[in-house]
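> Pasting a structure below so you can have a look.
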Amino acid sequence: MMKATLKFNLPEEQYEFDSAVNGCQWHNLVSDLDEKLRQDIKHQNFEDTTRVAGVEVQLLTAPYGEALEHIRKYILDETFERGLKLHE
């Protein structure tokens, strides 16, 4: 069995340590976001209004759907370009 050990000089490398320790949480967040976007695009799960910073905002359905598709494509393209595996 292979093992790996990461060493950090704390507190100087606190950010790097936190990034390594929380990597799975970040992965899960992005994966969940991708799935939410996929579901919303597939089922057209967007309403005519939404709340942004506590304010009700009117949405245009077609542009909103296109924006969701653009965001999802960006996430998938960036994970691929960075050599990250989002889904198994």
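Going through the structure tokens in order, the chains are called A, B, and so on, while each chain numbers its residues from 1 and the ligands are numbered from 1 in the order shown.
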Determine, counting only C-alpha atoms, which protein, DNA and RNA residues have an atom within 12 Å of an atom of segment 70-84 of chain A; residues of the same chain fewer than 2 positions away are not included. Present the result as a PyMOL selection string.

chain A and resi 23+26-27+29-41+63-68+86-88

> Based on the selection just made, write C-alpha atoms of those residues as a JSON list (two decimals), in the first residue's frame.


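Heads up, here's the output in selection34.json:
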```json
[["chain", "number", "residue", "atom", "x", "y", "z"],
["A", 23, "GLY", "CA", -10.26, 19.85, -1.30],
["A", 26, "TRP", "CA", -14.66, 22.16, -2.84],
["A", 27, "HIS", "CA", -14.98, 19.24, -5.24],
["A", 29, "LEU", "CA", -19.57, 21.95, -4.04],
["A", 30, "VAL", "CA", -18.60, 22.29, -7.72],
["A", 31, "SER", "CA", -20.03, 18.86, -8.52],
["A", 32, "ASP", "CA", -23.33, 19.77, -6.82],
["A", 33, "LEU", "CA", -23.41, 23.10, -8.66],
["A", 34, "ASP", "CA", -22.87, 21.33, -11.98],
["A", 35, "GLU", "CA", -25.68, 18.87, -11.22],
["A", 36, "LYS", "CA", -28.04, 21.70, -10.20],
["A", 37, "LEU", "CA", -27.30, 23.55, -13.44],
["A", 38, "ARG", "CA", -27.77, 20.34, -15.47],
["A", 39, "GLN", "CA", -31.13, 19.64, -13.84],
["A", 40, "ASP", "CA", -32.36, 23.22, -14.22],
["A", 41, "ILE", "CA", -31.37, 23.31, -17.88],
["A", 63, "PRO", "CA", -31.58, 34.31, -21.87],
["A", 64, "TYR", "CA", -31.58, 32.87, -18.35],
["A", 65, "GLY", "CA", -31.45, 29.31, -19.69],
["A", 66, "GLU", "CA", -28.66, 30.29, -22.06],
["A", 67, "ALA", "CA", -26.75, 31.84, -19.16],
["A", 68, "LEU", "CA", -27.08, 28.61, -17.15],
["A", 86, "LEU", "CA", -15.41, 16.41, -11.65],
["A", 87, "HIS", "CA", -17.44, 13.22, -12.11],
["A", 88, "GLU", "CA", -16.41, 9.59, -11.84]]
```

> Do you have the atom CA of Cys24 of chain A-atom CA of His43 of chain A distance handy?

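That distance, rounded to one decimal, is 28.1 Å.
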
> Pull the strand (DSSP E or B) assignments for chain A out of DSSP run on the backbone, and list those residues as a list in words.

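After running DSSP on the backbone, chain A has strand (DSSP E or B) at Thr49, Thr50, Arg51, Val52, Val55, Glu56, Val57 and Gln58 of chain A.
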
> List every residue of chain A that DSSP, applied to the backbone of this structure, assigns to alpha helix (DSSP H), and report them as a PyMOL selection string.

chain A and resi 14-21+23-43+61-81

> Quick one, how far is atom CA of Glu69 of chain A from atom CA of Gly54 of chain A?

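For atom CA of Glu69 of chain A relative to atom CA of Gly54 of chain A, the distance reads 24.4 Å.
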
> Atom CA of Lys42 of chain A to atom CA of Val55 of chain A: how many Å, to one decimal?

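According to the coordinates, atom CA of Lys42 of chain A and atom CA of Val55 of chain A are separated by 26.4 Å.
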